[in-house]
Structures are given as structure tokens and as C-alpha cells.
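Content type CSV, C-alpha atoms and all ligand atoms, from the file entry15.csv:
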chain,number,residue,atom,x,y,z
E,276,MET,CA,67.0,73.3,113.4
E,277,LEU,CA,70.4,74.8,114.1
E,278,ASP,CA,72.0,74.3,117.5
E,279,LEU,CA,73.6,77.7,117.3
E,280,ALA,CA,73.2,80.6,114.8
E,281,ILE,CA,76.1,83.0,115.0
E,282,ILE,CA,75.4,86.4,113.5
E,283,GLY,CA,78.7,88.1,112.4
E,284,GLY,CA,82.0,86.7,111.3
E,285,GLY,CA,84.5,88.8,113.1
E,286,PRO,CA,86.8,87.7,115.9
E,287,ALA,CA,83.9,87.2,118.3
E,288,GLY,CA,81.7,85.2,115.9
E,289,LEU,CA,84.6,83.1,114.6
E,290,THR,CA,85.9,82.2,118.0
E,291,ALA,CA,82.4,81.3,119.2
E,292,GLY,CA,82.2,79.1,116.1
E,293,LEU,CA,85.5,77.4,116.9
E,294,TYR,CA,84.6,76.7,120.5
E,295,ALA,CA,81.1,75.6,119.8
E,296,THR,CA,82.0,73.1,117.1
E,297,ARG,CA,85.1,71.8,118.8
E,298,GLY,CA,83.1,71.6,122.0
E,299,GLY,CA,80.6,69.2,120.3
E,300,LEU,CA,77.8,71.2,118.8
E,301,ASN,CA,77.0,69.7,115.4
E,302,ASN,CA,74.9,72.2,113.6
E,303,VAL,CA,76.4,75.6,113.9
E,304,VAL,CA,76.1,78.2,111.2
E,305,MET,CA,77.9,81.6,111.1
E,306,PHE,CA,76.0,84.2,109.1
E,307,GLU,CA,78.3,86.7,107.6
E,308,MET,CA,77.5,88.5,104.4
E,309,GLY,CA,81.0,89.3,103.4
E,310,MET,CA,84.4,87.7,103.9
E,311,PRO,CA,84.8,86.5,107.5
E,312,GLY,CA,87.3,88.5,109.5
E,313,GLY,CA,85.4,91.5,110.7
E,314,GLN,CA,86.3,95.2,110.8
E,315,ILE,CA,89.9,94.5,111.9
E,316,THR,CA,90.6,93.4,108.3
E,317,GLY,CA,90.5,97.1,107.5
E,318,SER,CA,93.5,97.8,109.7
E,319,SER,CA,96.8,98.1,108.0
E,320,GLU,CA,99.1,97.1,110.8
E,321,ILE,CA,98.4,95.0,113.9
E,322,GLU,CA,101.0,94.5,116.5
E,323,ASN,CA,99.1,93.9,119.8
E,324,TYR,CA,97.5,90.5,119.2
E,325,PRO,CA,99.2,88.3,121.8
E,326,GLY,CA,101.6,85.7,120.2
E,327,GLN,CA,101.1,87.0,116.6
E,328,GLY,CA,104.9,87.4,116.0
E,329,PRO,CA,105.8,90.1,113.4
E,330,VAL,CA,103.6,93.2,112.7
E,331,MET,CA,100.9,92.2,110.2
E,332,SER,CA,97.8,93.5,108.5
E,333,GLY,CA,94.4,92.8,109.9
E,334,MET,CA,93.7,90.8,106.8
E,335,ASP,CA,96.7,88.6,107.4
E,336,LEU,CA,95.9,88.2,111.1
E,337,MET,CA,92.5,86.9,110.4
E,338,ALA,CA,93.3,84.9,107.3
E,339,SER,CA,93.6,81.5,109.0
E,340,TRP,CA,90.7,81.9,111.4
E,341,PRO,CA,87.8,80.7,109.1
E,342,GLU,CA,89.7,77.6,108.0
E,343,GLN,CA,90.5,76.6,111.5
E,344,CYS,CA,86.8,76.9,112.4
E,345,GLN,CA,85.6,75.0,109.3
E,346,LYS,CA,88.0,72.2,110.2
E,347,PHE,CA,85.8,71.5,113.2
E,348,GLY,CA,82.5,71.8,111.3
E,349,LEU,CA,81.5,75.5,111.4
E,350,LYS,CA,79.3,76.3,108.4
E,351,HIS,CA,79.4,79.7,106.8
E,352,GLU,CA,76.2,81.1,105.3
E,353,MET,CA,76.8,84.2,103.2
E,354,ALA,CA,73.7,86.0,104.2
E,355,GLU,CA,72.6,89.1,106.1
E,356,ILE,CA,70.3,88.4,109.0
E,357,SER,CA,67.8,91.2,109.1
E,358,LYS,CA,65.6,89.9,112.0
E,359,VAL,CA,65.7,87.5,115.0
E,360,GLU,CA,62.5,86.5,116.7
E,361,LYS,CA,61.9,84.3,119.7
E,362,ILE,CA,59.5,81.4,118.8
E,363,GLY,CA,58.8,79.4,122.0
E,364,ASP,CA,62.1,78.1,123.3
E,365,ASN,CA,63.8,78.6,119.9
E,366,PHE,CA,64.6,81.5,117.5
E,367,LYS,CA,63.6,82.3,114.0
E,368,LEU,CA,66.2,84.2,111.9
E,369,VAL,CA,65.2,85.9,108.7
E,370,THR,CA,67.7,86.9,106.0
E,371,SER,CA,67.5,90.1,104.0
E,372,ASP,CA,66.4,88.0,101.0
E,373,ASN,CA,63.7,86.4,103.1
E,374,LYS,CA,65.2,83.0,103.8
E,375,GLU,CA,64.3,81.6,107.2
E,376,PHE,CA,66.3,79.6,109.7
E,377,GLU,CA,65.4,78.1,113.1
E,378,ALA,CA,68.0,77.8,115.9
E,379,ARG,CA,68.0,76.7,119.5
E,380,SER,CA,70.4,79.4,120.4
E,381,VAL,CA,71.7,82.7,118.9
E,382,LEU,CA,74.9,84.6,119.4
E,383,ILE,CA,74.9,88.2,118.0
E,384,ALA,CA,78.4,89.4,117.2
E,385,THR,CA,77.8,92.0,114.6
E,386,GLY,CA,80.0,94.6,116.2
E,387,SER,CA,79.9,98.3,115.6
E,388,VAL,CA,81.3,100.7,113.1
E,389,PRO,CA,83.0,104.0,114.0
E,390,ARG,CA,81.1,106.9,112.7
E,391,ARG,CA,82.7,109.2,110.1
E,392,ALA,CA,82.6,112.9,110.8
E,393,GLY,CA,82.0,113.8,107.2
E,394,PHE,CA,84.8,116.3,106.5
E,395,LYS,CA,86.7,116.6,103.2
E,396,GLY,CA,89.6,114.1,102.8
E,397,GLU,CA,88.3,111.9,105.6
E,398,ASN,CA,87.5,108.9,103.4
E,399,GLU,CA,90.4,109.6,101.0
E,400,PHE,CA,93.0,109.4,103.7
E,401,PHE,CA,91.3,106.8,105.9
E,402,GLY,CA,94.0,104.2,106.8
E,403,ARG,CA,96.7,106.6,105.5
E,404,GLY,CA,96.8,109.1,108.4
E,405,VAL,CA,93.1,109.2,109.3
E,406,SER,CA,92.3,106.6,111.9
E,407,THR,CA,89.6,105.6,114.4
E,408,CYS,CA,91.8,103.6,116.7
E,409,ALA,CA,94.5,105.1,118.9
E,410,THR,CA,95.4,101.8,120.4
E,411,CYS,CA,96.1,100.4,117.0
E,412,ASP,CA,97.7,103.4,115.2
E,413,GLY,CA,98.9,105.8,117.9
E,414,PHE,CA,102.4,104.1,118.0
E,415,PHE,CA,103.1,105.2,114.4
E,416,TYR,CA,102.9,108.9,115.5
E,417,ARG,CA,105.3,108.6,118.5
E,418,GLY,CA,107.1,111.9,118.9
E,419,LYS,CA,104.9,113.5,116.3
E,420,GLU,CA,101.9,115.9,116.4
E,421,VAL,CA,98.4,114.4,116.0
E,422,ALA,CA,94.8,115.7,116.1
E,423,VAL,CA,91.9,114.1,117.8
E,424,ILE,CA,88.4,115.0,116.7
E,425,GLY,CA,85.4,114.8,119.0
E,426,GLY,CA,84.3,115.9,122.4
E,427,GLY,CA,83.0,112.7,124.1
E,428,ASP,CA,84.6,110.1,126.4
E,429,SER,CA,86.3,108.3,123.5
E,430,ALA,CA,87.9,111.4,122.1
E,431,LEU,CA,89.1,112.7,125.5
E,432,GLU,CA,90.3,109.4,126.7
E,433,GLU,CA,92.2,108.7,123.5
E,434,ALA,CA,93.6,112.2,123.4
E,435,TYR,CA,95.0,111.5,126.9
E,436,TYR,CA,96.3,108.1,125.7
E,437,LEU,CA,98.0,109.6,122.7
E,438,SER,CA,99.5,112.5,124.8
E,439,LYS,CA,101.8,109.9,126.4
E,440,MET,CA,103.5,108.9,123.2
E,441,CYS,CA,103.0,111.9,120.9
E,442,LYS,CA,104.8,115.2,121.0
E,443,LYS,CA,101.5,117.2,120.9
E,444,VAL,CA,97.8,116.4,120.7
E,445,TYR,CA,95.3,118.9,119.3
E,446,LEU,CA,91.9,118.1,120.7
E,447,VAL,CA,89.5,119.4,118.1
E,448,HIS,CA,85.9,119.9,119.1
E,449,ARG,CA,83.0,121.6,117.5
E,450,ARG,CA,81.7,123.1,120.8
E,451,ASP,CA,83.5,124.4,123.9
E,452,THR,CA,82.0,122.0,126.3
E,453,TYR,CA,82.6,118.3,126.4
E,454,ARG,CA,80.2,115.4,127.0
E,455,ALA,CA,82.9,113.3,128.7
E,456,ALA,CA,83.2,112.3,132.4
E,457,PRO,CA,84.5,115.2,134.6
E,458,SER,CA,87.5,113.2,135.7
E,459,THR,CA,88.5,112.6,132.0
E,460,ILE,CA,88.0,116.3,131.3
E,461,ALA,CA,90.3,117.1,134.2
E,462,HIS,CA,93.0,114.7,132.9
E,463,VAL,CA,92.9,116.4,129.5
E,464,LYS,CA,93.0,119.9,131.0
E,465,ASN,CA,95.9,119.0,133.2
E,466,THR,CA,98.0,117.5,130.4
E,467,GLU,CA,100.5,120.0,129.1
E,468,ASN,CA,100.9,118.7,125.6
E,469,ILE,CA,97.1,118.6,124.8
E,470,GLU,CA,96.0,121.8,123.2
E,471,GLU,CA,92.2,122.2,123.1
E,472,VAL,CA,91.0,123.6,119.8
E,473,THR,CA,87.3,124.2,120.5
E,474,ASN,CA,84.4,125.9,118.7
E,475,VAL,CA,85.8,124.9,115.3
E,476,SER,CA,84.5,123.0,112.3
E,477,VAL,CA,86.9,120.7,110.5
E,478,GLU,CA,87.1,121.9,106.9
E,479,GLU,CA,89.5,119.4,105.5
E,480,VAL,CA,92.3,116.8,106.1
E,481,PHE,CA,94.9,117.5,103.4
E,482,GLY,CA,97.9,115.6,102.3
E,483,ASP,CA,99.7,114.0,99.3
E,484,ALA,CA,100.7,110.5,98.1
E,485,SER,CA,102.7,110.0,101.3
E,486,GLY,CA,99.6,110.5,103.5
E,487,VAL,CA,98.2,113.2,105.7
E,488,LEU,CA,100.0,116.5,106.1
E,489,GLY,CA,97.6,118.3,108.3
E,490,LEU,CA,94.1,119.5,109.2
E,491,ARG,CA,92.3,122.7,108.3
E,492,VAL,CA,89.8,124.0,110.9
E,493,LYS,CA,87.6,127.1,110.9
E,494,CYS,CA,86.6,128.9,114.1
E,495,ASN,CA,82.8,128.9,114.4
E,496,LYS,CA,82.8,132.4,116.0
E,497,THR,CA,85.4,134.4,114.0
E,498,GLY,CA,85.6,132.4,110.8
E,499,GLU,CA,89.4,132.4,111.2
E,500,VAL,CA,91.0,129.4,109.5
E,501,ARG,CA,93.9,127.5,111.1
E,502,GLU,CA,96.1,124.7,109.8
E,503,LEU,CA,97.3,122.1,112.2
E,504,PRO,CA,100.5,120.3,111.0
E,505,THR,CA,99.4,116.7,112.0
E,506,PRO,CA,100.3,113.6,110.1
E,507,GLY,CA,97.9,111.7,112.2
E,508,VAL,CA,94.2,112.5,112.6
E,509,PHE,CA,92.1,110.4,114.9
E,510,VAL,CA,88.3,110.6,114.6
E,511,PHE,CA,86.1,109.8,117.6
E,512,VAL,CA,82.7,111.1,116.9
E,513,GLY,CA,80.7,108.1,118.2
E,514,ARG,CA,80.1,104.6,117.0
E,515,ASN,CA,77.1,102.9,115.4
E,516,VAL,CA,76.3,99.5,116.9
E,517,LEU,CA,75.0,97.1,114.4
E,518,ASN,CA,72.0,96.0,116.3
E,519,ALA,CA,69.3,96.1,113.6
E,520,PRO,CA,68.7,92.3,113.6
E,521,LEU,CA,67.4,92.5,117.2
E,522,LYS,CA,64.7,95.1,116.3
E,523,GLN,CA,61.2,93.8,116.4
E,524,ALA,CA,58.2,94.7,114.3
E,525,ASP,CA,56.9,97.0,117.1
E,526,GLY,CA,60.2,99.0,117.3
E,527,THR,CA,61.4,97.4,120.5
E,528,PHE,CA,64.4,95.2,120.8
E,529,LEU,CA,64.4,91.5,121.4
E,530,CYS,CA,66.5,91.9,124.6
E,531,ASN,CA,67.6,94.5,127.0
E,532,MET,CA,69.8,97.2,125.5
E,533,SER,CA,71.8,100.1,126.9
E,534,GLU,CA,71.0,103.7,126.0
E,535,ASN,CA,73.6,103.5,123.3
E,536,GLY,CA,72.0,100.5,121.7
E,537,GLU,CA,74.5,98.0,123.0
E,538,VAL,CA,73.3,94.6,124.1
E,539,ILE,CA,73.3,94.2,127.9
E,540,VAL,CA,75.0,90.9,128.9
E,541,ASP,CA,76.2,89.2,132.0
E,542,LEU,CA,79.8,87.8,132.5
E,543,LYS,CA,78.8,84.7,130.4
E,544,MET,CA,77.6,86.9,127.5
E,545,ARG,CA,74.0,86.0,128.2
E,546,THR,CA,71.2,88.5,127.5
E,547,ASN,CA,68.0,88.6,129.5
E,548,VAL,CA,66.5,86.3,126.8
E,549,LYS,CA,67.2,82.6,127.4
E,550,GLY,CA,69.4,81.2,124.6
E,551,LEU,CA,70.3,84.7,123.2
E,552,TYR,CA,73.9,85.8,123.6
E,553,ALA,CA,76.0,88.7,122.5
E,554,ALA,CA,79.8,89.1,122.1
E,555,GLY,CA,82.3,91.6,120.9
E,556,ASP,CA,81.8,95.3,120.2
E,557,ILE,CA,78.0,95.0,120.2
E,558,ARG,CA,77.9,94.3,123.9
E,559,ILE,CA,78.0,96.8,126.7
E,560,ASP,CA,81.5,97.8,128.1
E,561,ALA,CA,83.3,96.2,125.2
E,562,ALA,CA,87.0,97.0,125.1
E,563,LYS,CA,86.9,97.0,121.3
E,564,GLN,CA,90.0,94.9,120.8
E,565,VAL,CA,90.4,91.7,118.8
E,566,VAL,CA,91.6,89.7,121.7
E,567,CYS,CA,88.6,90.8,123.9
E,568,ALA,CA,86.1,90.0,121.2
E,569,ALA,CA,87.6,86.6,120.7
E,570,ALA,CA,87.5,86.0,124.5
E,571,ASP,CA,83.8,87.0,124.5
E,572,GLY,CA,83.1,84.5,121.7
E,573,ALA,CA,84.8,81.7,123.6
E,574,THR,CA,83.0,82.6,126.9
E,575,ALA,CA,79.6,82.6,125.1
E,576,ALA,CA,80.2,79.3,123.3
E,577,VAL,CA,81.2,77.5,126.6
E,578,ASP,CA,78.0,78.6,128.2
E,579,ILE,CA,75.9,77.9,125.1
E,580,ILE,CA,77.2,74.3,125.1
E,581,GLU,CA,76.1,74.0,128.7
E,582,TYR,CA,72.7,75.7,128.0
E,583,LEU,CA,71.9,73.3,125.2
E,584,GLY,CA,72.9,70.3,127.4
Y,1,LIG,P1,79.8,110.4,122.0
Y,1,LIG,O1,79.7,110.5,123.4
Y,1,LIG,O2,78.6,110.3,121.2
Y,1,LIG,O3,80.6,111.7,121.5
Y,1,LIG,C1,80.8,112.0,120.2
Y,1,LIG,C2,81.5,113.4,120.1
Y,1,LIG,O4,81.8,113.6,118.7
Y,1,LIG,C3,80.6,114.5,120.6
Y,1,LIG,O5,81.4,115.4,121.4
Y,1,LIG,C4,80.1,115.2,119.4
Y,1,LIG,O6,80.0,116.6,119.5
Y,1,LIG,C5,81.2,114.9,118.4
Y,1,LIG,N1,80.7,114.7,117.0
Y,1,LIG,C6,79.6,114.0,116.6
Y,1,LIG,N2,79.5,114.1,115.3
Y,1,LIG,C7,80.5,114.9,114.9
Y,1,LIG,C8,80.8,115.4,113.6
Y,1,LIG,N3,80.2,115.1,112.5
Y,1,LIG,N4,81.9,116.3,113.5
Y,1,LIG,C9,82.5,116.7,114.6
Y,1,LIG,N5,82.2,116.2,115.9
Y,1,LIG,C10,81.2,115.3,116.0
Y,1,LIG,O7,80.7,109.2,121.4
Y,1,LIG,P2,81.9,108.4,122.2
Y,1,LIG,O8,82.8,109.4,122.8
Y,1,LIG,O9,82.4,107.4,121.2
Y,1,LIG,O10,81.1,107.7,123.4
Y,1,LIG,C11,80.0,106.8,123.0
Y,1,LIG,C12,79.4,106.3,124.4
Y,1,LIG,O11,80.3,105.5,125.0
Y,1,LIG,C13,79.1,107.5,125.3
Y,1,LIG,O12,77.9,107.2,126.0
Y,1,LIG,C14,80.3,107.5,126.2
Y,1,LIG,O13,80.0,108.0,127.5
Y,1,LIG,C15,80.6,106.0,126.3
Y,1,LIG,N6,82.0,105.8,126.6
Y,1,LIG,C16,82.3,105.7,127.9
Y,1,LIG,C17,83.7,105.5,128.2
Y,1,LIG,C18,84.0,105.3,129.6
Y,1,LIG,O14,83.1,105.3,130.4
Y,1,LIG,N7,85.3,105.1,130.0
Y,1,LIG,C19,84.6,105.5,127.2
Y,1,LIG,C20,84.3,105.7,125.9
Y,1,LIG,C21,82.9,105.9,125.6
Y,1,LIG,P3,78.8,117.2,120.4
Y,1,LIG,O15,79.3,117.0,121.8
Y,1,LIG,O16,78.8,118.6,119.9
Y,1,LIG,O17,77.6,116.5,120.1
Structure rendered as C-alpha cells:
Amino acid sequence: MLDLAIIGGGPAGLTAGLYATRGGLNNVVMFEMGMPGGQITGSSEIENYPGQGPVMSGMDLMASWPEQCQKFGLKHEMAEISKVEKIGDNFKLVTSDNKEFEARSVLIATGSVPRRAGFKGENEFFGRGVSTCATCDGFFYRGKEVAVIGGGDSALEEAYYLSKMCKKVYLVHRRDTYRAAPSTIAHVKNTENIEEVTNVSVEEVFGDASGVLGLRVKCNKTGEVRELPTPGVFVFVGRNVLNAPLKQADGTFLCNMSENGEVIVDLKMRTNVKGLYAAGDIRIDAAKQVVCAAADGATAAVDIIEYLG
């Protein structure tokens, strides 16, 4: 019987593992099917993790985290958890290759992945001009023109954020109405250097070996094609939360979830199910920053130690 099963090996899962083991739990396993580190390891340059020193890649930032955790006894199981069930006071975890584990408590820290829009060049130039994180990458386009794709809260909020550092932001949306909050829409409409490019389909992001050179869009009404000269293209077309392990046989979830499929937690990262916690991007209202995910993991672990007595 595990004291704690951590699902996901990103900043939230690793930090929970560190705090749980260092805080005295003996049998803590982190289930991560790939290399620990999480989605941040895909970012080329990080400069906003407090105390990190020089700019570094996500891979470099996360490199020392697993070893630090292992030093205190965190075990890493290279497995994908496909299902978590509540059995009495405990939990049963089933891996995708049908191995079973039992745990007294579970922390789900599987995160979420930004959705791809599916236009030509998006994958080819991802990380070389195409980005899904304005906080991480906006700085590289200071004084330059960028495009933001999407019409939801994320796209409009990030367009506004980018407008403060970029020369111009093209807000590219497939319809002419947004699904963002009215106040956010008002911000965008009142910002001089945001140009709304609506009712268009993105045809292609084009570039060369140096990176992205621009974006080609086609008007849905007239068919007119326009090229936007943007070295930076930010895609905010929604996120997919990785909540599948919480799905039960009858199609419901093990704990309360938001409409967007995020886990509802309280300030201690507790779900409505005793012993089940969530941390990082998978939880409601996540700021989607490494430092916040790590803080969630620590918060959860501190409460889990108390919960297990
Ligand atoms: P979202 O609300 O799902 O919006 C995604 C946007 O991308 C939509 O405008 C959609 O167009 C567009 N889109 C989807 N697929 C596309 C494609 N293949 N090509 C081009 N455009 C595409 O996603 P989100 O903005 O990430 O927000 C997710 C949730 O978090 C929402 O509930 C949002 O309210 C919430 N959120 C809240 C805040 C806040 O409260 N401050 C901040 C961020 C996010 P259509 O409109 O035509 O469908």
C-alpha cells in the first residue's frame, strides 16, 4: 500500500514528491510515463522562474528536480495511470498495461496541453516562432509585430498582454464575435495597437530556417488572402486538460470537475473526495506557470502529510 501516489511528473508532481518524502512519508511513488519535468521541458527559454539565474531552457531548469526528490526517497514508476478508483478509504490505480497499485492518498498533477489549431506550418515552426505561451515568449518579440490566434478569454487576454510590449498585435479569429468576458473584449477594442482580423481562416504560417516570417489568412466571406508580417504567432485555441485517469466506468468523474474538465479544489488542493488532491494546470483557476504548479504541489503535500497522520 502506497502512502501517496502522484500522477504526473511535472513541477507540481515533483514538488509534491519532494515535500511528501522530505516531510516523512515513506512510500511515495510518482507515476510518469516519460521523462520527469513536464510540459515546460518543451520551452526553449525560461527567464521567469524566481532565483534561476541566467536564461535557460525548460529542460535545463527541470534537470535537477528529479534527483533532488529521489534523494529523499521519491520513487518513479514509468507507467501511465489510466484509472483511479476509490476503494473504501483508499484508492486503486490501474496502469495502461493493467498493473494495479493501492494508495492511501492520490495527487493528480497531469496538467493540460494547449490545443493545436491545425493550420499548415504550425507544428513545423512550433518553438521557432509559433508559441502557446505569451508570458514565456512574448518578450522575444518586444517592438515587433505578432499574431494571436483565437477568440476566447486566453487569446484576448494574451493579445492585450502582448500589446504592451509588441509594436502591433493582430488578433486573428475565425468569427466576428468573441467568447471572452465583455471587459476583456473592451480592453482589446480600446487598445490602439491591436488590429482585429476577424472572419478569417488561417491558411499557413510560413518562414525559413531562421523561423517564422508571417501568417497567411483567408477571409471567410470574400476569399481574399492577406499576409501578416509577424515573426511571432501565438495560438490560444483552448486547452485539453489531462483528466482521463479520473473518469469512471459509468462516464462520470471520481470528483467534482468544472465545466472545462478541470478538477475543483480548495486552497489546500483537496478535492471533494477525501484523500484525493489535484495540483498544477489540471486544477481550476491555475495560473499555468511553473512556480505556481510547484507551489500547488507543496501545498498539497503539506496537507496530505496531515491527512495521513
Ligand atoms: P476557449 O474559450 O475554448 O476559446 C478558444 C477560441 O479558439 C475560440 O474563440 C475558438 O473559436 C477558437 N478556436 C478553437 N479551435 C480553433 C481552430 N482550430 N482554429 C482557429 N480558432 C479556433 O479557450 P480559452 O480561451 O483557452 O479558455 C478556456 C476556458 O478558460 C474558457 O472557459 C475561458 O473562459 C477560461 N478562461 C478564463 C480566463 C479568465 O477568467 N480570466 C482566462 C483564460 C481562460 P470559436 O469562438 O469560433 O469557437
*Residues within 10 Å of ligand LIG 1 (chain Y) should be enumerated using only C-alpha atoms and all ligand atoms and returned as a ChimeraX atom specification.*
/E:389-394,424-433,447-456,459,474-477,510-515,533-537,559-562
_One-decimal distance in Å that lies between CA of Leu503 (chain E) and CA of Tyr445 (chain E)_ = 8.0 Å
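The spacing separating CA of Ile356 (chain E) from CA of Leu521 (chain E) amounts to 9.6 Å.
Taking CA of Leu349 (chain E) and CA of Val303 (chain E) as the two end points, the separation is 5.7 Å.
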*Please provide the set of residues having any atom within 8 Å of region 397-402 of chain E, restricted to only C-alpha atoms, with same-chain residues fewer than 2 positions apart removed, written as a PyMOL selection string.*
chain E and resi 317-319+391-395+404-406+479-480+486-487
*Nearest to Tyr435 (chain E) among E:Asn302, E:Asn365, E:Ser458, E:Asn323, with distances taken over only C-alpha atoms: which residue is it?*
E:Ser458
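Counting all atoms listed in the file, the residue from E:Asp364, E:Glu307, E:Glu375, E:Asp412 that sits nearest to Pro341 (chain E) is E:Glu307.
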_Counting only C-alpha atoms, which residue out of E:Ser332, E:Cys344, E:Glu352, E:Val359 sits closest to Leu382 (chain E)?_
E:Val359
